[in-house]
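Colleague: Here you go, this is input.txt (compact mmCIF, C-alpha atoms).
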```txt
# COMPACT_ATOMS: atom_id res chain seq x y z
CA MET G 1 -129.65 143.02 35.68
CA LEU G 2 -131.09 139.62 34.84
CA PRO G 3 -128.27 137.00 34.92
CA ALA G 4 -127.57 135.58 31.47
CA VAL G 5 -128.32 132.01 32.54
CA ALA G 6 -131.79 133.03 33.74
CA GLN G 7 -132.37 135.14 30.64
CA VAL G 8 -131.56 132.30 28.26
CA GLY G 9 -133.40 129.73 30.36
CA SER G 10 -136.56 131.77 30.75
CA LEU G 11 -137.04 131.82 26.97
CA ALA G 12 -136.07 128.17 26.56
CA TYR G 13 -138.78 126.90 28.94
CA THR G 14 -141.64 129.11 27.78
CA SER G 15 -144.37 126.65 28.83
CA MET G 16 -143.46 127.38 32.46
CA ASN G 17 -143.98 131.15 31.98
CA TYR G 18 -140.63 132.00 33.56
CA TYR G 19 -140.24 134.93 31.15
CA THR G 20 -143.20 136.93 32.49
CA ASP G 21 -142.58 140.04 34.59
CA ALA G 22 -144.26 138.41 37.57
CA SER G 23 -142.23 135.19 37.39
CA LEU G 24 -138.77 136.53 36.55
CA PRO G 25 -137.63 137.58 40.06
CA GLY G 26 -138.42 134.17 41.52
CA PHE G 27 -136.82 132.43 38.57
CA VAL G 28 -133.61 134.48 38.92
CA LYS G 29 -133.38 133.44 42.58
CA TRP G 30 -133.94 129.80 41.60
CA VAL G 31 -131.11 130.02 39.04
CA MET G 32 -128.73 131.69 41.46
CA ASP G 33 -129.49 129.04 44.10
CA LYS G 34 -128.65 126.35 41.57
CA ILE G 35 -125.41 128.01 40.57
CA SER G 36 -124.34 128.39 44.19
CA GLN G 37 -124.69 124.70 44.97
CA LYS G 38 -121.43 122.79 44.75
CA ASP G 39 -122.77 119.96 42.60
CA LYS G 40 -124.39 122.15 39.97
CA GLN G 41 -122.01 123.87 37.60
CA PRO G 42 -123.46 125.71 34.59
CA SER G 43 -121.39 127.47 32.00
CA GLN G 44 -120.30 131.00 32.98
CA PRO G 45 -123.24 133.46 33.21
CA THR G 46 -121.74 136.10 30.92
CA PRO G 47 -123.77 138.66 28.95
CA GLY G 48 -122.87 136.92 25.67
CA LEU G 49 -124.04 133.49 26.83
CA ILE G 50 -125.45 131.37 23.98
CA ALA G 51 -126.15 128.05 25.73
CA HIS G 52 -125.86 126.57 29.19
CA TRP G 53 -126.50 123.48 31.28
CA ILE G 54 -126.28 122.33 34.90
CA HIS G 55 -124.12 119.33 35.75
CA ARG G 56 -125.83 117.39 38.55
CA GLU G 57 -123.85 114.94 40.66
CA PHE G 58 -125.90 112.09 42.08
CA GLN G 59 -125.46 108.78 43.81
CA THR G 60 -127.72 105.95 42.74
CA ASN G 61 -128.31 102.35 43.74
CA LEU G 62 -127.50 100.07 40.82
CA PHE G 63 -127.49 96.33 41.42
CA GLY G 64 -127.22 96.70 45.18
CA LYS G 65 -124.33 99.20 45.26
CA VAL G 66 -124.31 102.98 45.55
CA ARG G 67 -122.59 104.46 42.48
CA ASP G 68 -121.87 107.95 41.13
CA LEU G 69 -124.17 109.19 38.39
CA GLY G 70 -123.74 112.27 36.23
CA GLY G 71 -126.93 114.22 35.63
CA LEU G 72 -127.77 116.81 32.98
CA GLY G 73 -130.32 119.49 33.76
CA PHE G 74 -131.53 122.94 32.76
CA VAL G 75 -130.27 122.73 29.17
CA ALA G 76 -131.02 125.88 27.19
CA VAL G 77 -129.95 127.54 23.95
CA ASP G 78 -130.57 131.22 23.24
CA MET G 79 -133.53 131.64 20.88
CA LYS G 80 -131.41 133.56 18.38
CA HIS G 81 -128.95 130.67 18.06
CA LYS G 82 -131.16 127.58 17.93
CA LYS G 83 -130.72 124.84 15.27
CA ARG G 84 -126.98 125.55 14.96
CA GLY G 85 -125.54 122.57 16.83
CA TYR G 86 -124.93 124.23 20.20
CA ALA G 87 -126.93 121.60 22.09
CA LYS G 88 -124.70 118.87 20.65
CA VAL G 89 -121.59 120.81 21.68
CA LEU G 90 -123.02 121.28 25.16
CA VAL G 91 -123.93 117.60 25.66
CA THR G 92 -120.56 116.46 24.31
CA GLN G 93 -118.72 118.69 26.80
CA TRP G 94 -120.92 117.48 29.65
CA LEU G 95 -120.13 113.84 28.79
CA LYS G 96 -116.42 114.64 28.77
CA ASP G 97 -116.83 116.28 32.18
CA CYS G 98 -118.61 113.14 33.42
CA ASN G 99 -115.71 111.03 32.18
CA GLU G 100 -113.18 113.21 34.03
CA LYS G 101 -115.27 112.94 37.21
CA LYS G 102 -115.36 109.12 36.81
CA GLN G 103 -119.11 109.22 36.30
CA TYR G 104 -119.08 106.48 33.69
CA LEU G 105 -122.86 106.36 33.55
CA ALA G 106 -124.88 109.52 32.94
CA ALA G 107 -128.58 110.34 32.94
CA LEU G 108 -131.08 113.02 32.01
CA HIS G 109 -134.80 113.67 31.69
CA PRO G 110 -135.32 114.54 27.99
CA PHE G 111 -137.60 117.17 26.52
CA ARG G 112 -137.67 114.88 23.47
CA PRO G 113 -136.52 111.24 23.73
CA ASP G 114 -135.76 111.04 20.00
CA PHE G 115 -133.44 114.07 20.18
CA TYR G 116 -131.33 112.57 22.96
CA GLY G 117 -131.74 109.08 21.55
CA ASN G 118 -129.79 110.26 18.50
CA MET G 119 -127.01 111.27 20.89
CA GLY G 120 -126.88 107.76 22.34
CA PHE G 121 -129.13 107.98 25.39
CA GLY G 122 -131.24 104.91 26.09
CA LEU G 123 -134.58 104.84 27.87
CA SER G 124 -135.02 103.60 31.39
CA SER G 125 -138.14 101.68 32.34
CA PRO G 126 -141.36 103.66 31.71
CA TYR G 127 -143.28 105.77 34.18
CA TYR G 128 -146.98 105.31 34.86
CA ASP G 129 -149.42 108.10 35.69
CA TYR G 130 -152.07 106.63 38.01
CA THR G 131 -155.37 108.32 38.82
CA ILE G 132 -156.82 106.40 41.74
CA SER G 133 -160.09 106.61 43.62
CA PRO G 134 -159.50 106.70 47.40
CA ALA G 135 -162.11 103.94 47.67
CA SER G 136 -159.75 101.61 45.78
CA ILE G 137 -157.01 101.88 48.38
CA PRO G 138 -156.97 99.00 50.73
CA LYS G 139 -149.84 106.05 63.68
CA ALA G 140 -148.67 109.07 61.89
CA PHE G 141 -147.73 112.75 62.12
CA THR G 142 -147.24 115.84 59.96
CA LEU G 143 -143.72 116.53 58.70
CA LYS G 144 -142.15 119.98 58.52
CA VAL G 145 -138.95 121.53 57.20
CA THR G 146 -137.33 120.76 60.53
CA HIS G 147 -137.66 117.04 59.76
CA VAL G 148 -135.53 117.23 56.59
CA GLU G 149 -132.63 115.21 58.00
CA GLU G 150 -135.03 112.42 58.95
CA LEU G 151 -136.51 112.52 55.46
CA VAL G 152 -133.02 112.24 53.95
CA ALA G 153 -132.10 109.26 56.12
CA CYS G 154 -135.39 107.49 55.37
CA GLN G 155 -135.22 108.17 51.64
CA ASN G 156 -131.63 106.94 51.37
CA ARG G 157 -132.44 103.72 53.23
CA PHE G 158 -135.35 103.34 50.81
CA SER G 159 -133.01 104.01 47.87
CA ASP G 160 -130.70 101.25 49.06
CA GLN G 161 -133.61 98.83 48.63
CA ARG G 162 -134.59 99.96 45.12
CA HIS G 163 -132.55 99.29 42.01
CA GLY G 164 -132.10 102.53 40.05
CA MET G 165 -133.18 104.93 42.80
CA ILE G 166 -131.16 108.13 43.11
CA ARG G 167 -130.20 109.17 46.64
CA ARG G 168 -131.06 112.63 47.94
CA ASP G 169 -129.37 115.11 50.22
CA ALA G 170 -131.00 117.78 52.39
CA ILE G 171 -130.89 120.38 49.59
CA ASN G 172 -132.66 118.08 47.15
CA ILE G 173 -135.30 117.06 49.67
CA THR G 174 -135.97 120.69 50.56
CA GLU G 175 -136.27 121.62 46.88
CA GLN G 176 -138.72 118.85 46.19
CA ALA G 177 -140.73 118.95 49.38
CA PHE G 178 -140.88 122.59 50.35
CA LYS G 179 -139.90 124.77 47.39
CA ASP G 180 -139.74 123.65 43.75
CA LYS G 181 -142.91 121.56 43.70
CA GLY G 182 -145.01 123.82 45.88
CA VAL G 183 -145.71 121.01 48.31
CA THR G 184 -147.48 122.19 51.44
CA ARG G 185 -148.19 118.85 53.11
CA ALA G 186 -146.27 115.77 54.14
CA PHE G 187 -147.23 112.66 56.10
CA GLY G 188 -144.87 110.23 57.80
CA VAL G 189 -144.90 106.96 59.70
CA ARG G 190 -142.62 106.03 62.59
CA ASP G 191 -141.86 102.56 63.99
CA LEU G 192 -141.89 101.56 67.66
CA GLU G 193 -138.35 102.92 68.07
CA ASN G 194 -139.56 106.32 66.78
CA VAL G 195 -137.57 105.96 63.52
CA LEU G 196 -139.16 107.40 60.37
CA ARG G 197 -139.91 104.42 58.09
CA GLY G 198 -142.04 105.97 55.38
CA TYR G 199 -143.57 109.20 54.13
CA ILE G 200 -145.43 110.87 51.29
CA LEU G 201 -145.03 114.39 49.99
CA PHE G 202 -148.22 115.68 48.41
CA LYS G 203 -150.13 118.73 47.30
CA PHE G 204 -153.73 119.52 46.51
CA GLU G 205 -154.98 120.26 43.00
CA THR G 206 -158.26 122.02 42.33
CA SER G 207 -160.83 119.77 40.71
CA THR G 208 -164.00 120.57 38.77
CA ALA G 209 -166.15 118.77 41.33
CA GLY G 210 -166.77 121.83 43.51
CA GLY G 211 -164.91 124.05 45.93
CA LEU G 212 -164.74 121.48 48.73
CA ILE G 213 -163.42 118.61 46.59
CA ASN G 214 -159.78 118.45 45.49
CA ASP G 215 -157.40 115.97 43.90
CA LEU G 216 -154.37 114.84 45.88
CA LYS G 217 -151.13 114.71 43.89
CA ILE G 218 -148.40 112.54 45.42
CA VAL G 219 -145.01 114.09 44.70
CA ASP G 220 -143.03 111.33 46.41
CA LEU G 221 -143.83 108.03 48.07
CA VAL G 222 -141.13 106.47 50.25
CA TYR G 223 -141.51 103.38 52.40
CA GLU G 224 -138.98 101.02 53.91
CA THR G 225 -141.43 98.48 55.30
CA THR G 226 -144.79 96.99 54.38
CA GLU G 227 -146.17 98.32 57.66
CA ALA G 228 -145.20 101.86 56.72
CA LEU G 229 -146.76 101.47 53.27
CA PHE G 230 -150.09 100.32 54.67
CA ALA G 231 -150.16 103.10 57.26
CA ILE G 232 -149.75 105.57 54.39
CA LEU G 233 -152.47 103.78 52.40
CA GLN G 234 -154.83 103.97 55.37
CA PHE G 235 -154.23 107.71 55.59
CA LEU G 236 -155.03 108.11 51.88
CA ARG G 237 -158.11 105.91 52.10
CA GLU G 238 -159.52 108.07 54.88
CA GLN G 239 -159.49 111.17 52.65
CA ASP G 240 -162.29 109.94 50.38
CA ASP G 241 -164.81 112.47 51.75
CA GLN G 242 -162.89 115.44 50.32
CA ILE G 243 -160.53 113.91 47.76
CA ARG G 244 -161.82 112.97 44.32
CA TYR G 245 -158.70 111.36 42.83
CA ILE G 246 -155.25 110.43 44.10
CA LYS G 247 -152.60 110.96 41.42
CA ILE G 248 -149.11 109.49 41.37
CA THR G 249 -146.37 109.08 38.76
CA THR G 250 -144.19 106.05 39.40
CA GLN G 251 -142.03 103.43 37.70
CA GLU G 252 -143.54 100.70 39.84
CA THR G 253 -145.14 98.65 37.08
CA ASP G 254 -147.27 96.51 39.40
CA LEU G 255 -148.88 99.24 41.49
CA PHE G 256 -152.26 98.38 39.95
CA ARG G 257 -152.14 94.99 41.69
CA LEU G 258 -152.42 96.78 45.03
CA LEU G 259 -155.80 98.31 44.20
CA SER G 260 -159.19 96.69 44.68
CA ASP G 261 -160.27 98.43 41.47
CA PRO G 262 -157.27 98.81 39.13
CA ARG G 263 -159.11 100.98 36.59
CA SER G 264 -158.13 104.62 36.18
CA ALA G 265 -160.71 106.49 38.24
CA HIS G 266 -161.41 109.16 35.62
CA THR G 267 -161.98 106.60 32.81
CA ALA G 268 -163.52 103.76 34.83
CA GLY G 269 -166.47 103.32 32.46
CA GLU G 270 -164.55 103.61 29.19
CA GLN G 271 -163.38 100.73 27.04
CA PHE G 272 -159.92 100.38 25.55
CA GLY G 273 -157.61 97.81 24.04
CA ILE G 274 -158.32 94.72 22.00
CA ASN G 275 -161.99 94.53 20.96
CA GLY G 276 -162.79 97.15 23.57
CA CYS G 277 -162.40 94.61 26.38
CA GLY G 278 -159.55 96.40 28.10
CA ARG G 279 -159.67 99.06 30.78
CA GLU G 280 -157.11 101.79 31.35
CA SER G 281 -155.14 101.38 34.58
CA ALA G 282 -152.50 104.06 33.95
CA LYS G 283 -150.98 106.21 31.24
CA GLN G 284 -147.47 105.18 30.27
CA THR G 285 -144.77 107.78 29.67
CA VAL G 286 -141.05 107.71 28.96
CA ALA G 287 -138.71 110.04 30.80
CA LEU G 288 -135.36 109.09 32.34
CA MET G 289 -132.56 108.18 29.92
CA TYR G 290 -129.07 106.79 30.53
CA LYS G 291 -125.85 106.85 28.55
CA VAL G 292 -122.65 104.88 29.01
CA VAL G 293 -119.87 107.48 29.12
CA ASN G 294 -116.85 105.17 28.93
CA LEU G 295 -117.41 101.49 28.05
CA GLU G 296 -114.02 100.20 29.23
CA LYS G 297 -114.22 102.06 32.56
CA LEU G 298 -117.82 100.94 32.99
CA PHE G 299 -116.60 97.34 33.33
CA SER G 300 -113.12 97.84 34.83
CA GLU G 301 -114.16 100.38 37.49
CA TYR G 302 -117.84 101.30 37.66
CA PHE G 303 -119.21 97.74 37.70
CA SER G 304 -116.02 96.05 38.94
CA ASP G 305 -117.99 94.68 41.93
CA ARG G 306 -121.12 93.72 40.00
CA ASP G 307 -122.17 90.10 39.68
CA PHE G 308 -123.26 89.54 36.08
CA ASN G 309 -125.54 86.71 37.19
CA GLY G 310 -122.78 84.16 37.66
CA VAL G 311 -121.97 83.93 33.96
CA ASP G 312 -118.68 82.04 33.64
CA GLY G 313 -116.33 81.14 30.81
CA LEU G 314 -117.69 83.65 28.28
CA LYS G 315 -115.53 86.07 26.29
CA LEU G 316 -117.63 88.79 24.70
CA TRP G 317 -116.50 91.30 22.08
CA ILE G 318 -118.74 94.36 22.42
CA ARG G 319 -118.96 96.71 19.46
CA MET G 320 -121.02 99.61 20.74
CA GLU G 321 -121.73 102.32 18.18
CA ASP G 322 -121.46 105.87 19.55
CA THR G 323 -121.51 108.63 16.97
CA LEU G 324 -121.36 111.49 19.51
CA THR G 325 -118.28 110.56 21.59
CA PRO G 326 -116.71 107.55 19.80
CA GLU G 327 -113.29 108.30 21.27
CA MET G 328 -114.61 107.41 24.75
CA ASN G 329 -116.35 104.22 23.65
CA PRO G 330 -114.11 101.99 21.51
CA PRO G 331 -115.00 98.28 21.40
CA VAL G 332 -113.92 96.09 24.31
CA LEU G 333 -113.22 92.41 24.89
CA VAL G 334 -114.74 91.32 28.21
CA SER G 335 -114.29 87.98 29.91
CA PHE G 336 -117.02 86.88 32.31
CA GLU G 337 -115.57 84.74 35.10
CA ASN G 338 -117.77 83.57 37.96
CA GLY G 339 -120.03 86.56 37.37
CA ALA G 340 -117.23 89.15 37.28
CA ALA G 341 -116.44 91.12 34.12
CA ILE G 342 -112.74 91.46 33.27
CA VAL G 343 -111.61 93.71 30.42
CA LEU G 344 -109.04 91.91 28.26
CA ALA G 345 -108.63 94.35 25.38
CA VAL G 346 -109.77 97.78 24.21
CA GLY G 347 -109.99 98.97 20.61
CA GLY G 348 -108.82 97.27 17.46
CA ASP G 349 -110.48 94.02 16.41
CA HIS G 350 -110.45 91.14 18.86
CA SER G 351 -113.59 89.44 17.62
CA SER G 352 -111.63 86.28 16.71
CA GLU G 353 -110.67 85.86 20.38
CA ALA G 354 -114.27 86.03 21.59
CA ASP G 355 -116.87 83.33 22.14
CA ALA G 356 -119.55 85.80 21.05
CA VAL G 357 -119.86 89.23 19.47
CA LEU G 358 -122.43 91.82 20.49
CA ASP G 359 -123.20 94.60 17.99
CA ILE G 360 -125.36 97.28 19.56
CA GLY G 361 -125.90 101.04 19.70
CA VAL G 362 -124.85 102.97 22.79
CA ALA G 363 -128.46 103.98 23.54
CA GLU G 364 -129.64 100.37 23.53
CA PHE G 365 -126.63 99.14 25.49
CA SER G 366 -127.17 101.87 28.11
CA SER G 367 -130.74 100.65 28.62
CA LEU G 368 -129.53 97.04 28.69
CA VAL G 369 -126.72 97.52 31.20
CA VAL G 370 -128.99 99.12 33.82
CA GLY G 371 -131.58 96.37 33.43
CA ALA G 372 -134.29 98.48 31.78
CA VAL G 373 -134.70 96.05 28.87
CA SER G 374 -133.66 92.49 28.07
CA LEU G 375 -131.25 91.53 25.30
CA LYS G 376 -133.88 89.14 23.96
CA VAL G 377 -136.27 92.06 23.38
CA LEU G 378 -133.57 94.20 21.74
CA ALA G 379 -132.61 91.31 19.44
CA ARG G 380 -136.25 90.66 18.56
CA TYR G 381 -136.67 94.27 17.46
CA GLY G 382 -133.41 94.33 15.51
CA LYS G 383 -131.74 96.70 17.99
CA ALA G 384 -128.95 94.29 18.96
CA PHE G 385 -127.19 91.40 17.24
CA VAL G 386 -125.36 88.48 18.84
CA SER G 387 -123.23 86.09 16.84
CA PRO G 388 -123.23 83.20 16.85
CA ILE G 389 -126.93 83.35 17.58
CA ASP G 390 -126.83 80.34 19.90
CA LYS G 391 -124.86 82.52 22.36
CA LEU G 392 -127.79 84.91 22.78
CA PRO G 393 -129.11 83.20 25.96
CA ALA G 394 -125.69 83.28 27.66
CA VAL G 395 -125.02 86.92 26.74
CA GLY G 396 -128.57 87.86 27.69
CA LYS G 397 -128.18 86.19 31.09
CA ALA G 398 -125.13 88.33 31.89
CA PHE G 399 -127.16 91.52 31.54
CA SER G 400 -130.54 90.35 32.82
CA SER G 401 -132.05 91.98 35.90
CA GLU G 402 -134.81 90.73 38.16
CA ASP G 403 -135.83 94.32 38.89
CA LEU G 404 -136.43 97.18 36.51
CA PRO G 405 -134.76 100.44 37.56
CA ILE G 406 -137.08 102.65 39.60
CA ASN G 407 -136.42 106.33 40.28
CA SER G 408 -138.46 109.24 41.60
CA VAL G 409 -135.87 112.03 41.51
CA PHE G 410 -136.54 114.49 38.70
CA PHE G 411 -133.87 117.02 37.73
```
Taking this structure as input, can you express it in the form of structure tokens?

Modeller:
Amino acid sequence: MLPAVAQVGSLAYTSMNYYTDASLPGFVKWVMDKISQKDKQPSQPTPGLIAHWIHREFQTNLFGKVRDLGGLGFVAVDMKHKKRGYAKVLVTQWLKDCNEKKQYLAALHPFRPDFYGNMGFGLSSPYYDYTISPASIPKAFTLKVTHVEELVACQNRFSDQRHGMIRRDAINITEQAFKDKGVTRAFGVRDLENVLRGYILFKFETSTAGGLINDLKIVDLVYETTEALFAILQFLREQDDQIRYIKITTQETDLFRLLSDPRSAHTAGEQFGINGCGRESAKQTVALMYKVVNLEKLFSEYFSDRDFNGVDGLKLWIRMEDTLTPEMNPPVLVSFENGAAIVLAVGGDHSSEADAVLDIGVAEFSSLVVGAVSLKVLARYGKAFVSPIDKLPAVGKAFSSEDLPINSVFF
């Protein structure tokens, strides 16, 4: 009998055709694999199941430190019970679970950003879909399943260099590289000490240019060193006789600067932008969203070791509006001392004790605190308010980030 979780999920994600007779057996196995993994805990798969989710437990690099991150995946509500508030109940319970697990920052990939935005989730930096001609791309070996541990070690060293990157374990790498995404090829680069320093996971997509010409879709690009990156680029450049386009989705905003021709290959002759003088380099999308689970714990525990850019002698009263779980996010009085954030008070009204007051929604603050957006931008768009206004630069400095968060783990 089809497990209830698979039954509900197959009809929730109809665009993936999981509900067809041909797809159901494989989908049931996928669900059971997820349930069996220790870090993925859906609601009980009973015959009367109405809604379910999977609680993912990740580690991510934020501001140079590896931190726990709660992830929400595989959310589904039975078709007969939609539009009755079950998704809100589900998300609320998941956030409470995150709080109990001391995952004071949580994340998800939304099916609709506005839906989760209303629950207080703020957008990370955008993703860019690049379609690149191999001709624009300025010693290796083929990787197999047996190299998974090397892939994990390389990816996690890479994650430690990238703000916002989620770390992977062997299960996650195997899912992405050799199962979930249908990847059949991988390419890696070793250094002189025979240590894996970079790799790409990719698959071929059929094009309309004939049976011998395909597109190459990069599922993941990992590189620790510039040398590894350019070895990978050389490999890609050499495929131009049988590859029409190279496609990659990434949060690296400046990837176009690497290319000799930054125009999107499939629209190279088309005009866009102001007065038709612009050219498309990539399509921008929004995906990953964050939410602060517990504001007081975020400062007192989660970011207790974070340097808030050396801001000193500033007491900030943060009133963060959270309509979904307000009991976990009362206002806090934070004192910034030599870059450290010290919580002085929680709840009540301590605005008179502060040098500045920040009024902001939890979605916007979640984006701000991970460095996905500046306070100046939020204030300009009326999404955040600092009083007195002359304290805006000092408050903005505390939360500014040189790097936007970058992540390539989808869940």

Colleague: Using all atoms listed in the file, which of G:Val222, G:Leu105, G:Gly382, G:His350 sits nearest Ser367 in chain G?

Modeller: G:Leu105

Colleague: Any idea what's packed within 9 Å of Gly396 in chain G, counting all atoms listed in the file, ignoring anything in its chain fewer than 6 positions away? Could you give it as a count of residues only?

Modeller: 3

Colleague: Could you tell me, as a ChimeraX atom specification, which residues have any atom at most 12 Å from (-113.5, 107.2, 22.6), counting all atoms listed in the file?

Modeller: /G:92,95-96,99,292-297,320-332,346-347

Colleague: Within 12 Å of Glu337 in chain G, counting all atoms listed in the file, which residues show up once you throw out same-chain ones fewer than 6 positions away? Write them as a list in words, please.

Modeller: Ser304, Arg306, Asp307, Phe308, Asn309, Gly310, Val311, Asp312, Gly313, Leu314, Lys315, Leu316, Val343, Leu344 and Ala398 of chain G

Colleague: With C-alpha atoms retained, write the just-selected residues as a compact mmCIF listing (two decimals), in the coordinates of the input.

Modeller:
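Contents of selection.txt, as written:
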```txt
# COMPACT_ATOMS: atom_id res chain seq x y z
CA SER G 304 -116.02 96.05 38.94
CA ARG G 306 -121.12 93.72 40.00
CA ASP G 307 -122.17 90.10 39.68
CA PHE G 308 -123.26 89.54 36.08
CA ASN G 309 -125.54 86.71 37.19
CA GLY G 310 -122.78 84.16 37.66
CA VAL G 311 -121.97 83.93 33.96
CA ASP G 312 -118.68 82.04 33.64
CA GLY G 313 -116.33 81.14 30.81
CA LEU G 314 -117.69 83.65 28.28
CA LYS G 315 -115.53 86.07 26.29
CA LEU G 316 -117.63 88.79 24.70
CA VAL G 343 -111.61 93.71 30.42
CA LEU G 344 -109.04 91.91 28.26
CA ALA G 398 -125.13 88.33 31.89
```

Colleague: Counting only C-alpha atoms, figure out which residue out of G:Tyr381, G:Phe158, G:Phe204, G:Phe74 gets nearest to Pro110 in chain G.

Modeller: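 Between G:Tyr381, G:Phe158, G:Phe204, G:Phe74, the residue approaching Pro110 in chain G most closely is G:Phe74.
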
Colleague: Between G:Met289, G:Pro134, G:Val195, G:Ala356, which one has atoms that come closest to Gly71 in chain G, using all atoms listed in the file?

Modeller: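 Using all atoms listed in the file, Gly71 in chain G sits closest to G:Met289.
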
Colleague: To one decimal place, how far is CA of Leu216 in chain G from CA of Lys247 in chain G in Å?

Modeller: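 Separation between CA of Leu216 in chain G and CA of Lys247 in chain G: 6.2 Å.
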
Colleague: I'd like the contact shell of Gly361 in chain G - 9 Å cut-off, only C-alpha atoms, skipping same-chain residues fewer than 2 positions apart - returned as a VMD selection string.

Modeller: chain G and resid 120 319 to 322 359 363 to 366 383 to 384
